[in-house]
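Shown here: start.json, JSON, C-alpha atoms.
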```
[["chain", "number", "residue", "atom", "x", "y", "z"],
["A", 248, "MET", "CA", 97.93, 113.77, 49.94],
["A", 249, "GLU", "CA", 97.09, 112.30, 53.30],
["A", 250, "ILE", "CA", 98.38, 113.72, 56.55],
["A", 251, "LEU", "CA", 98.20, 112.36, 60.06],
["A", 252, "THR", "CA", 96.55, 114.40, 62.77],
["A", 253, "THR", "CA", 95.95, 113.58, 66.41],
["A", 254, "ARG", "CA", 92.57, 115.30, 66.43],
["A", 255, "PHE", "CA", 91.04, 114.08, 63.20],
["A", 256, "GLY", "CA", 93.01, 110.98, 62.35],
["A", 257, "PRO", "CA", 94.26, 110.70, 58.76],
["A", 258, "VAL", "CA", 93.05, 113.66, 56.69],
["A", 259, "THR", "CA", 93.19, 113.96, 52.93],
["A", 260, "ILE", "CA", 94.19, 117.44, 51.83],
["A", 261, "ASN", "CA", 94.22, 119.00, 48.39],
["A", 262, "ALA", "CA", 97.01, 121.13, 47.00],
["A", 263, "GLN", "CA", 94.94, 124.29, 47.47],
["A", 264, "ASP", "CA", 94.52, 123.58, 51.20],
["A", 265, "ARG", "CA", 98.24, 123.65, 51.80],
["A", 266, "VAL", "CA", 99.76, 126.83, 53.07],
["A", 267, "GLU", "CA", 103.34, 127.69, 53.77],
["A", 268, "PHE", "CA", 104.36, 130.09, 56.52],
["A", 269, "PRO", "CA", 107.84, 131.23, 55.41],
["A", 270, "LYS", "CA", 108.50, 132.62, 58.92],
["A", 271, "GLY", "CA", 106.55, 130.02, 60.85],
["A", 272, "LEU", "CA", 104.35, 131.27, 63.66],
["A", 273, "VAL", "CA", 105.60, 133.84, 66.16],
["A", 274, "GLY", "CA", 107.89, 132.02, 68.57],
["A", 275, "VAL", "CA", 107.35, 128.73, 66.76],
["A", 276, "ALA", "CA", 109.48, 129.32, 63.71],
["A", 277, "GLN", "CA", 110.20, 125.67, 63.06],
["A", 278, "LEU", "CA", 106.69, 124.90, 61.86],
["A", 279, "LYS", "CA", 106.28, 126.27, 58.35],
["A", 280, "ARG", "CA", 104.01, 123.86, 56.52],
["A", 281, "PHE", "CA", 100.34, 123.68, 57.30],
["A", 282, "ALA", "CA", 97.04, 122.70, 55.82],
["A", 283, "LEU", "CA", 93.79, 124.58, 56.26],
["A", 284, "VAL", "CA", 91.29, 121.97, 57.35],
["A", 285, "ALA", "CA", 87.63, 122.91, 57.64],
["A", 286, "ASP", "CA", 86.16, 121.52, 60.82],
["A", 287, "PRO", "CA", 84.09, 118.47, 59.86],
["A", 288, "GLN", "CA", 81.24, 119.46, 62.17],
["A", 289, "VAL", "CA", 80.99, 123.21, 62.61],
["A", 290, "ARG", "CA", 80.93, 125.88, 59.95],
["A", 291, "GLY", "CA", 83.13, 128.90, 60.52],
["A", 292, "LEU", "CA", 85.81, 126.86, 62.27],
["A", 293, "THR", "CA", 89.03, 126.09, 60.43],
["A", 294, "TRP", "CA", 92.09, 124.26, 61.70],
["A", 295, "LEU", "CA", 95.59, 125.34, 60.87],
["A", 296, "GLN", "CA", 97.06, 121.88, 60.99],
["A", 297, "SER", "CA", 100.79, 121.28, 60.80],
["A", 298, "THR", "CA", 101.53, 118.77, 58.08],
["A", 299, "ARG", "CA", 104.68, 117.70, 59.89],
["A", 300, "ASP", "CA", 103.59, 117.52, 63.49],
["A", 301, "PRO", "CA", 100.25, 115.74, 63.94],
["A", 302, "VAL", "CA", 99.73, 117.32, 67.39],
["A", 303, "TRP", "CA", 100.04, 120.89, 66.18],
["A", 304, "ALA", "CA", 96.77, 122.49, 65.16],
["A", 305, "LEU", "CA", 95.35, 125.91, 65.90],
["A", 306, "ALA", "CA", 91.65, 126.65, 65.76],
["A", 307, "LEU", "CA", 91.01, 129.59, 63.44],
["A", 308, "VAL", "CA", 87.93, 131.75, 63.29],
["A", 309, "SER", "CA", 87.00, 134.91, 61.49],
["A", 310, "PRO", "CA", 87.58, 137.83, 63.86],
["A", 311, "ARG", "CA", 84.54, 139.67, 62.55],
["A", 312, "VAL", "CA", 82.24, 136.99, 63.88],
["A", 313, "PHE", "CA", 83.35, 137.69, 67.42],
["A", 314, "VAL", "CA", 84.60, 141.25, 67.22],
["A", 315, "PRO", "CA", 82.55, 143.11, 64.62],
["A", 316, "ASP", "CA", 84.69, 146.25, 64.67],
["A", 317, "PHE", "CA", 88.02, 144.46, 64.31],
["A", 318, "ALA", "CA", 90.14, 146.05, 61.60],
["A", 319, "ILE", "CA", 93.81, 145.70, 60.81],
["A", 320, "ARG", "CA", 96.03, 148.63, 60.02],
["A", 321, "THR", "CA", 99.22, 147.53, 58.39],
["A", 322, "THR", "CA", 101.67, 148.38, 55.64],
["A", 323, "PRO", "CA", 102.60, 146.56, 52.42],
["A", 324, "ASP", "CA", 106.07, 146.06, 53.93],
["A", 325, "GLN", "CA", 104.70, 144.01, 56.79],
["A", 326, "LEU", "CA", 102.83, 141.79, 54.39],
["A", 327, "ARG", "CA", 105.75, 141.24, 52.06],
["A", 328, "PRO", "CA", 106.54, 137.76, 53.44],
["A", 329, "ILE", "CA", 103.32, 136.53, 51.85],
["A", 330, "GLN", "CA", 103.64, 138.74, 48.75],
["A", 331, "LEU", "CA", 100.31, 140.36, 49.38],
["A", 332, "GLU", "CA", 99.68, 143.32, 47.11],
["A", 333, "SER", "CA", 95.98, 143.65, 47.42],
["A", 334, "ALA", "CA", 93.95, 143.50, 50.62],
["A", 335, "GLY", "CA", 91.26, 141.63, 48.73],
["A", 336, "ASP", "CA", 93.56, 138.61, 48.37],
["A", 337, "ALA", "CA", 93.84, 138.14, 52.13],
["A", 338, "ASP", "CA", 91.90, 135.82, 54.34],
["A", 339, "VAL", "CA", 92.13, 137.01, 57.92],
["A", 340, "TYR", "CA", 91.73, 134.67, 60.86],
["A", 341, "VAL", "CA", 92.41, 134.77, 64.57],
["A", 342, "THR", "CA", 93.37, 131.85, 66.76],
["A", 343, "LEU", "CA", 90.90, 130.58, 69.31],
["A", 344, "ASN", "CA", 91.94, 129.59, 72.80],
["A", 345, "ARG", "CA", 90.34, 128.98, 76.13],
["A", 346, "THR", "CA", 91.07, 129.91, 79.69],
["A", 347, "VAL", "CA", 89.51, 128.22, 82.68],
["A", 348, "GLN", "CA", 86.39, 130.32, 82.36],
["A", 349, "ASN", "CA", 86.29, 131.84, 78.92],
["A", 350, "PHE", "CA", 87.09, 131.48, 75.28],
["A", 351, "THR", "CA", 89.54, 133.99, 73.92],
["A", 352, "VAL", "CA", 90.84, 135.05, 70.52],
["A", 353, "ASN", "CA", 94.26, 136.48, 69.78],
["A", 354, "LEU", "CA", 93.50, 139.82, 68.18],
["A", 355, "GLN", "CA", 97.03, 141.13, 68.47],
["A", 356, "ALA", "CA", 98.52, 138.50, 66.17],
["A", 357, "PRO", "CA", 96.04, 137.59, 63.44],
["A", 358, "ILE", "CA", 96.80, 134.93, 60.85],
["A", 359, "ILE", "CA", 96.83, 136.29, 57.31],
["A", 360, "ILE", "CA", 96.55, 133.86, 54.41],
["A", 361, "HIS", "CA", 97.24, 134.65, 50.77],
["A", 362, "ARG", "CA", 95.09, 131.89, 49.40],
["A", 363, "ARG", "CA", 96.14, 132.27, 45.76],
["A", 364, "ARG", "CA", 99.81, 131.95, 46.60],
["A", 365, "SER", "CA", 99.28, 129.47, 49.43],
["A", 366, "LEU", "CA", 101.32, 131.65, 51.77],
["A", 367, "GLY", "CA", 100.57, 132.60, 55.33],
["A", 368, "MET", "CA", 101.96, 134.64, 58.17],
["A", 369, "GLN", "CA", 101.15, 135.71, 61.68],
["A", 370, "LEU", "CA", 101.03, 139.47, 61.74],
["A", 371, "VAL", "CA", 101.90, 141.25, 64.98],
["A", 372, "LEU", "CA", 99.94, 144.45, 65.41],
["A", 373, "SER", "CA", 102.33, 146.74, 67.25],
["A", 374, "ASP", "CA", 100.21, 149.67, 68.32],
["A", 375, "SER", "CA", 97.01, 147.84, 68.72],
["A", 376, "GLN", "CA", 94.40, 148.15, 71.39],
["A", 377, "PHE", "CA", 93.58, 144.52, 70.67],
["A", 378, "SER", "CA", 94.91, 141.95, 73.08],
["A", 379, "VAL", "CA", 96.46, 138.51, 72.83],
["A", 380, "ARG", "CA", 93.61, 137.18, 74.95],
["A", 381, "HIS", "CA", 90.45, 138.94, 73.99],
["A", 382, "THR", "CA", 87.54, 137.32, 75.77],
["A", 383, "ILE", "CA", 84.72, 136.54, 73.43],
["A", 384, "ASN", "CA", 81.14, 137.00, 74.45],
["A", 385, "PHE", "CA", 78.54, 134.63, 73.34],
["A", 386, "GLY", "CA", 76.11, 136.88, 71.64],
["A", 387, "ALA", "CA", 73.31, 134.37, 71.32],
["A", 388, "PRO", "CA", 70.35, 135.90, 73.13],
["A", 389, "LEU", "CA", 68.72, 132.55, 73.58],
["A", 390, "ARG", "CA", 70.33, 129.28, 74.55],
["A", 391, "MET", "CA", 68.42, 126.12, 75.18],
["A", 392, "SER", "CA", 69.62, 122.79, 76.36],
["A", 393, "ALA", "CA", 67.86, 119.54, 75.71],
["B", 294, "MET", "CA", 126.05, 140.74, 77.00],
["B", 295, "LEU", "CA", 127.72, 143.45, 74.99],
["B", 296, "VAL", "CA", 126.97, 146.83, 76.54],
["B", 297, "LEU", "CA", 127.48, 150.05, 74.57],
["B", 298, "SER", "CA", 126.85, 153.66, 75.57],
["B", 299, "ARG", "CA", 125.05, 155.84, 73.06],
["B", 300, "HIS", "CA", 123.81, 159.41, 73.08],
["B", 301, "ARG", "CA", 120.63, 160.60, 71.50],
["B", 302, "ASP", "CA", 120.72, 160.32, 67.68],
["B", 303, "GLU", "CA", 123.60, 157.86, 67.82],
["B", 304, "SER", "CA", 123.21, 154.37, 66.39],
["B", 305, "ILE", "CA", 124.57, 150.89, 66.47],
["B", 306, "ILE", "CA", 124.76, 148.60, 63.49],
["B", 307, "ILE", "CA", 124.12, 144.87, 63.76],
["B", 308, "GLY", "CA", 125.46, 142.87, 60.87],
["B", 309, "ASP", "CA", 125.39, 144.78, 57.62],
["B", 310, "ASP", "CA", 121.86, 146.02, 57.50],
["B", 311, "ILE", "CA", 120.29, 146.44, 60.92],
["B", 312, "VAL", "CA", 120.58, 149.92, 62.38],
["B", 313, "ILE", "CA", 119.22, 150.84, 65.80],
["B", 314, "THR", "CA", 119.12, 154.54, 66.64],
["B", 315, "VAL", "CA", 118.44, 156.17, 69.99],
["B", 316, "VAL", "CA", 115.73, 158.60, 68.97],
["B", 317, "ASP", "CA", 114.81, 160.05, 72.33],
["B", 318, "ILE", "CA", 115.60, 159.64, 76.01],
["B", 319, "ARG", "CA", 113.14, 160.77, 78.63],
["B", 320, "GLY", "CA", 113.57, 159.70, 82.21],
["B", 321, "ASP", "CA", 113.76, 155.92, 82.31],
["B", 322, "LYS", "CA", 112.31, 155.57, 78.80],
["B", 323, "VAL", "CA", 114.33, 155.29, 75.62],
["B", 324, "ARG", "CA", 112.78, 155.51, 72.17],
["B", 325, "LEU", "CA", 114.56, 153.44, 69.59],
["B", 326, "GLY", "CA", 114.34, 153.63, 65.82],
["B", 327, "ILE", "CA", 114.99, 150.35, 64.08],
["B", 328, "ASN", "CA", 115.91, 149.92, 60.46],
["B", 329, "ALA", "CA", 115.98, 146.30, 59.45],
["B", 330, "PRO", "CA", 115.27, 144.29, 56.32],
["B", 331, "VAL", "CA", 111.64, 143.31, 56.03],
["B", 332, "GLU", "CA", 112.47, 139.63, 56.47],
["B", 333, "ILE", "CA", 113.68, 140.35, 60.00],
["B", 334, "PRO", "CA", 110.66, 140.79, 62.23],
["B", 335, "VAL", "CA", 111.07, 143.22, 65.11],
["B", 336, "HIS", "CA", 108.93, 142.85, 68.20],
["B", 337, "ARG", "CA", 108.77, 144.14, 71.72],
["B", 338, "GLN", "CA", 110.08, 141.24, 73.74],
["B", 339, "GLU", "CA", 107.12, 140.95, 76.11],
["B", 340, "VAL", "CA", 104.72, 140.99, 73.15],
["B", 341, "TYR", "CA", 106.71, 138.33, 71.33],
["B", 342, "GLU", "CA", 106.75, 136.14, 74.42],
["B", 343, "ALA", "CA", 103.05, 136.60, 75.06],
["B", 344, "ILE", "CA", 102.20, 135.57, 71.49],
["B", 345, "GLN", "CA", 104.59, 132.63, 71.61],
["B", 346, "ARG", "CA", 102.96, 131.43, 74.83],
["B", 347, "GLU", "CA", 99.55, 131.96, 73.34],
["B", 348, "ASN", "CA", 100.41, 130.00, 70.18],
["B", 349, "LYS", "CA", 101.71, 127.06, 72.17],
["B", 350, "GLN", "CA", 98.68, 127.04, 74.40],
["B", 351, "ALA", "CA", 96.18, 127.56, 71.59],
["B", 352, "ALA", "CA", 97.71, 124.53, 69.85],
["B", 353, "GLN", "CA", 96.28, 122.40, 72.69],
["B", 354, "MET", "CA", 92.74, 123.43, 71.79],
["B", 355, "ASP", "CA", 90.37, 120.54, 71.88],
["B", 356, "PRO", "CA", 87.94, 120.25, 68.94],
["B", 357, "ALA", "CA", 84.84, 119.82, 71.10],
["B", 358, "ALA", "CA", 85.57, 123.04, 72.99],
["B", 359, "ALA", "CA", 86.31, 124.94, 69.78],
["B", 360, "ARG", "CA", 83.03, 123.75, 68.29],
["B", 361, "ASP", "CA", 81.20, 124.93, 71.40],
["B", 362, "ALA", "CA", 82.70, 128.39, 71.05],
["B", 363, "VAL", "CA", 82.08, 128.75, 67.35],
["B", 364, "GLY", "CA", 78.80, 126.90, 67.18],
["B", 365, "SER", "CA", 77.04, 128.89, 69.85],
["B", 366, "ASN", "CA", 78.31, 132.17, 68.52],
["B", 367, "ALA", "CA", 77.29, 131.39, 64.97],
["B", 368, "VAL", "CA", 73.71, 131.72, 66.14],
["B", 369, "ALA", "CA", 74.33, 135.38, 66.87],
["B", 370, "HIS", "CA", 76.02, 136.18, 63.58],
["B", 371, "PRO", "CA", 74.64, 133.89, 60.92],
["B", 372, "ARG", "CA", 75.41, 136.23, 58.05],
["B", 373, "ASP", "CA", 78.95, 137.31, 58.76],
["B", 374, "ARG", "CA", 81.09, 134.58, 57.29],
["B", 375, "ARG", "CA", 83.59, 136.53, 55.29],
["B", 376, "PRO", "CA", 86.87, 137.37, 56.94],
["B", 377, "PRO", "CA", 87.73, 141.06, 56.79],
["B", 378, "ALA", "CA", 90.47, 142.40, 54.58],
["B", 379, "PRO", "CA", 93.35, 144.39, 55.99],
["B", 380, "SER", "CA", 93.12, 148.09, 55.31]]
```
Let me see the file written as structure tokens.
Amino acid sequence: MEILTTRFGPVTINAQDRVEFPKGLVGVAQLKRFALVADPQVRGLTWLQSTRDPVWALALVSPRVFVPDFAIRTTPDQLRPIQLESAGDADVYVTLNRTVQNFTVNLQAPIIIHRRRSLGMQLVLSDSQFSVRHTINFGAPLRMSA
Amino acid sequence: MLVLSRHRDESIIIGDDIVITVVDIRGDKVRLGINAPVEIPVHRQEVYEAIQRENKQAAQMDPAAARDAVGSNAVAHPRDRRPPAPS
């Protein structure tokens, strides 16, 4: 099917790219249907694009890329909304954001996707040392501009 | 707002299946135990609001900026592409 997006124009998505968030996102419960859209230009960047609201898209990245020691402690109960029985079935992402000076990732509320069931949720880590706005450091030791 | 007084170890019930118990009171801090069905998420209010704000703001992310962040970092971690699994 084709969906409309403000960032990428019309995008064709396959059935396996669709993901339903039964609870929506935290504080944004009305948006439940999304598509996972790989960024057309950069690897490792995925967009959680609402299929109903073209404006709504969150940039998702793998937390391990930015925070190597990031690990989630949770219980099967917390993951029941996406019927996750095995940790191996989960894709874990965090949302990317920017402040005036920095890029940040939301480590306190990662996005968990059960790819096989096409279900997703935003998990809130309650006793976490990880913050909603974790500043990411650019680890590249060498940067050159043209 | 409905205001109820409770002692330690006393509870209130909301609806048929949400039970909130005063577990401990120390100074100006109250510890609450919450029993609710799994489909009812329970959050500290300030955490909920912070994440809500963050979600709304992150949804404004511009693709060029996101590519900058991810692209430049990918140089540092070219191998680590797999997302971690929850423990």
Using only C-alpha atoms, what table do you get, as a Markdown table, when you list each residue of range 267-379 of chain A with an atom no more than 7 Å from range 338-354 of chain B, its nearest pair of atoms, and their distance in Å rounded to one decimal, rows by chain then rising number?
```
| residue | atom | partner | partner_atom | distance |
| --- | --- | --- | --- | --- |
| A:Val273 | CA | B:Gln345 | CA | 5.7 |
| A:Gly274 | CA | B:Gln345 | CA | 4.5 |
| A:Val275 | CA | B:Gln345 | CA | 6.8 |
| A:Trp303 | CA | B:Ala352 | CA | 5.7 |
| A:Ala304 | CA | B:Ala352 | CA | 5.2 |
| A:Leu305 | CA | B:Ala352 | CA | 4.8 |
| A:Ala306 | CA | B:Met354 | CA | 6.9 |
| A:Leu343 | CA | B:Ala351 | CA | 6.5 |
| A:Asn344 | CA | B:Ala351 | CA | 4.9 |
| A:Val379 | CA | B:Ile344 | CA | 6.6 |
```
*For CA of Thr351 in chain A and CA of His336 in chain B, the interatomic separation in Å (one decimal)*: 22.1 Å
Find the nearest atom pair between each residue of chain A and chain B for residues within 8 Å, count only C-alpha atoms, give distances in Å to one decimal, sort rows by chain and ascending number, and present the table as a Markdown table.
```
| residue | atom | partner | partner_atom | distance |
| --- | --- | --- | --- | --- |
| A:Arg254 | CA | B:Pro356 | CA | 7.2 |
| A:Leu272 | CA | B:Asn348 | CA | 7.7 |
| A:Val273 | CA | B:Gln345 | CA | 5.7 |
| A:Gly274 | CA | B:Gln345 | CA | 4.5 |
| A:Val275 | CA | B:Gln345 | CA | 6.8 |
| A:Gln288 | CA | B:Arg360 | CA | 7.7 |
| A:Val289 | CA | B:Arg360 | CA | 6.1 |
| A:Arg290 | CA | B:Gly364 | CA | 7.6 |
| A:Gly291 | CA | B:Arg374 | CA | 6.8 |
| A:Leu292 | CA | B:Val363 | CA | 6.6 |
| A:Val302 | CA | B:Ala352 | CA | 7.9 |
| A:Trp303 | CA | B:Ala352 | CA | 5.7 |
| A:Ala304 | CA | B:Ala352 | CA | 5.2 |
| A:Leu305 | CA | B:Ala352 | CA | 4.8 |
| A:Ala306 | CA | B:Ala359 | CA | 6.9 |
| A:Val308 | CA | B:Val363 | CA | 7.7 |
| A:Ser309 | CA | B:Pro376 | CA | 5.2 |
| A:Pro310 | CA | B:Pro376 | CA | 7.0 |
| A:Arg311 | CA | B:Pro376 | CA | 6.5 |
| A:Val312 | CA | B:Asp373 | CA | 6.1 |
| A:Phe313 | CA | B:Asn366 | CA | 7.6 |
| A:Ala318 | CA | B:Pro379 | CA | 6.7 |
| A:Ile319 | CA | B:Pro379 | CA | 5.0 |
| A:Arg320 | CA | B:Ser380 | CA | 5.6 |
| A:Thr321 | CA | B:Ser380 | CA | 6.9 |
| A:Asp324 | CA | B:Val331 | CA | 6.6 |
| A:Gln325 | CA | B:Val331 | CA | 7.0 |
| A:Arg327 | CA | B:Val331 | CA | 7.4 |
| A:Pro328 | CA | B:Glu332 | CA | 6.9 |
| A:Ala334 | CA | B:Ala378 | CA | 5.4 |
| A:Gly335 | CA | B:Ala378 | CA | 6.0 |
| A:Asp336 | CA | B:Ala378 | CA | 7.9 |
| A:Ala337 | CA | B:Ala378 | CA | 6.0 |
| A:Asp338 | CA | B:Pro376 | CA | 5.9 |
| A:Val339 | CA | B:Pro376 | CA | 5.4 |
| A:Tyr340 | CA | B:Pro376 | CA | 6.8 |
| A:Thr342 | CA | B:Ala351 | CA | 7.0 |
| A:Leu343 | CA | B:Ala351 | CA | 6.5 |
| A:Asn344 | CA | B:Ala351 | CA | 4.9 |
| A:Arg345 | CA | B:Met354 | CA | 7.4 |
| A:Phe350 | CA | B:Ala362 | CA | 6.8 |
| A:Asn353 | CA | B:Glu347 | CA | 7.8 |
| A:Ala356 | CA | B:Ile344 | CA | 7.1 |
| A:Val371 | CA | B:His336 | CA | 7.9 |
| A:Ser373 | CA | B:His336 | CA | 7.7 |
| A:Val379 | CA | B:Ile344 | CA | 6.6 |
| A:Phe385 | CA | B:Asn366 | CA | 5.4 |
| A:Gly386 | CA | B:Ala369 | CA | 5.3 |
| A:Ala387 | CA | B:Ala369 | CA | 4.7 |
| A:Pro388 | CA | B:Ala369 | CA | 7.4 |
```
Output for the residues just chosen: C-alpha atoms as a PDB file, in the frame of the given file:
```pdb
ATOM      1  CA  ARG A 254      92.570 115.300  66.430  1.00  0.00           C
ATOM      2  CA  LEU A 272     104.350 131.270  63.660  1.00  0.00           C
ATOM      3  CA  VAL A 273     105.600 133.840  66.160  1.00  0.00           C
ATOM      4  CA  GLY A 274     107.890 132.020  68.570  1.00  0.00           C
ATOM      5  CA  VAL A 275     107.350 128.730  66.760  1.00  0.00           C
ATOM      6  CA  GLN A 288      81.240 119.460  62.170  1.00  0.00           C
ATOM      7  CA  VAL A 289      80.990 123.210  62.610  1.00  0.00           C
ATOM      8  CA  ARG A 290      80.930 125.880  59.950  1.00  0.00           C
ATOM      9  CA  GLY A 291      83.130 128.900  60.520  1.00  0.00           C
ATOM     10  CA  LEU A 292      85.810 126.860  62.270  1.00  0.00           C
ATOM     11  CA  VAL A 302      99.730 117.320  67.390  1.00  0.00           C
ATOM     12  CA  TRP A 303     100.040 120.890  66.180  1.00  0.00           C
ATOM     13  CA  ALA A 304      96.770 122.490  65.160  1.00  0.00           C
ATOM     14  CA  LEU A 305      95.350 125.910  65.900  1.00  0.00           C
ATOM     15  CA  ALA A 306      91.650 126.650  65.760  1.00  0.00           C
ATOM     16  CA  VAL A 308      87.930 131.750  63.290  1.00  0.00           C
ATOM     17  CA  SER A 309      87.000 134.910  61.490  1.00  0.00           C
ATOM     18  CA  PRO A 310      87.580 137.830  63.860  1.00  0.00           C
ATOM     19  CA  ARG A 311      84.540 139.670  62.550  1.00  0.00           C
ATOM     20  CA  VAL A 312      82.240 136.990  63.880  1.00  0.00           C
ATOM     21  CA  PHE A 313      83.350 137.690  67.420  1.00  0.00           C
ATOM     22  CA  ALA A 318      90.140 146.050  61.600  1.00  0.00           C
ATOM     23  CA  ILE A 319      93.810 145.700  60.810  1.00  0.00           C
ATOM     24  CA  ARG A 320      96.030 148.630  60.020  1.00  0.00           C
ATOM     25  CA  THR A 321      99.220 147.530  58.390  1.00  0.00           C
ATOM     26  CA  ASP A 324     106.070 146.060  53.930  1.00  0.00           C
ATOM     27  CA  GLN A 325     104.700 144.010  56.790  1.00  0.00           C
ATOM     28  CA  ARG A 327     105.750 141.240  52.060  1.00  0.00           C
ATOM     29  CA  PRO A 328     106.540 137.760  53.440  1.00  0.00           C
ATOM     30  CA  ALA A 334      93.950 143.500  50.620  1.00  0.00           C
ATOM     31  CA  GLY A 335      91.260 141.630  48.730  1.00  0.00           C
ATOM     32  CA  ASP A 336      93.560 138.610  48.370  1.00  0.00           C
ATOM     33  CA  ALA A 337      93.840 138.140  52.130  1.00  0.00           C
ATOM     34  CA  ASP A 338      91.900 135.820  54.340  1.00  0.00           C
ATOM     35  CA  VAL A 339      92.130 137.010  57.920  1.00  0.00           C
ATOM     36  CA  TYR A 340      91.730 134.670  60.860  1.00  0.00           C
ATOM     37  CA  THR A 342      93.370 131.850  66.760  1.00  0.00           C
ATOM     38  CA  LEU A 343      90.900 130.580  69.310  1.00  0.00           C
ATOM     39  CA  ASN A 344      91.940 129.590  72.800  1.00  0.00           C
ATOM     40  CA  ARG A 345      90.340 128.980  76.130  1.00  0.00           C
ATOM     41  CA  PHE A 350      87.090 131.480  75.280  1.00  0.00           C
ATOM     42  CA  ASN A 353      94.260 136.480  69.780  1.00  0.00           C
ATOM     43  CA  ALA A 356      98.520 138.500  66.170  1.00  0.00           C
ATOM     44  CA  VAL A 371     101.900 141.250  64.980  1.00  0.00           C
ATOM     45  CA  SER A 373     102.330 146.740  67.250  1.00  0.00           C
ATOM     46  CA  VAL A 379      96.460 138.510  72.830  1.00  0.00           C
ATOM     47  CA  PHE A 385      78.540 134.630  73.340  1.00  0.00           C
ATOM     48  CA  GLY A 386      76.110 136.880  71.640  1.00  0.00           C
ATOM     49  CA  ALA A 387      73.310 134.370  71.320  1.00  0.00           C
ATOM     50  CA  PRO A 388      70.350 135.900  73.130  1.00  0.00           C
TER      51      PRO A 388
END
```
*Within 9 Å of Arg301 in chain B using all atoms listed in the file, minus same-chain residues under 6 positions, as a ChimeraX atom specification*: /B:314-318
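Here CA of Lys322 in chain B and CA of Leu295 in chain B stand 20.0 Å from one another.
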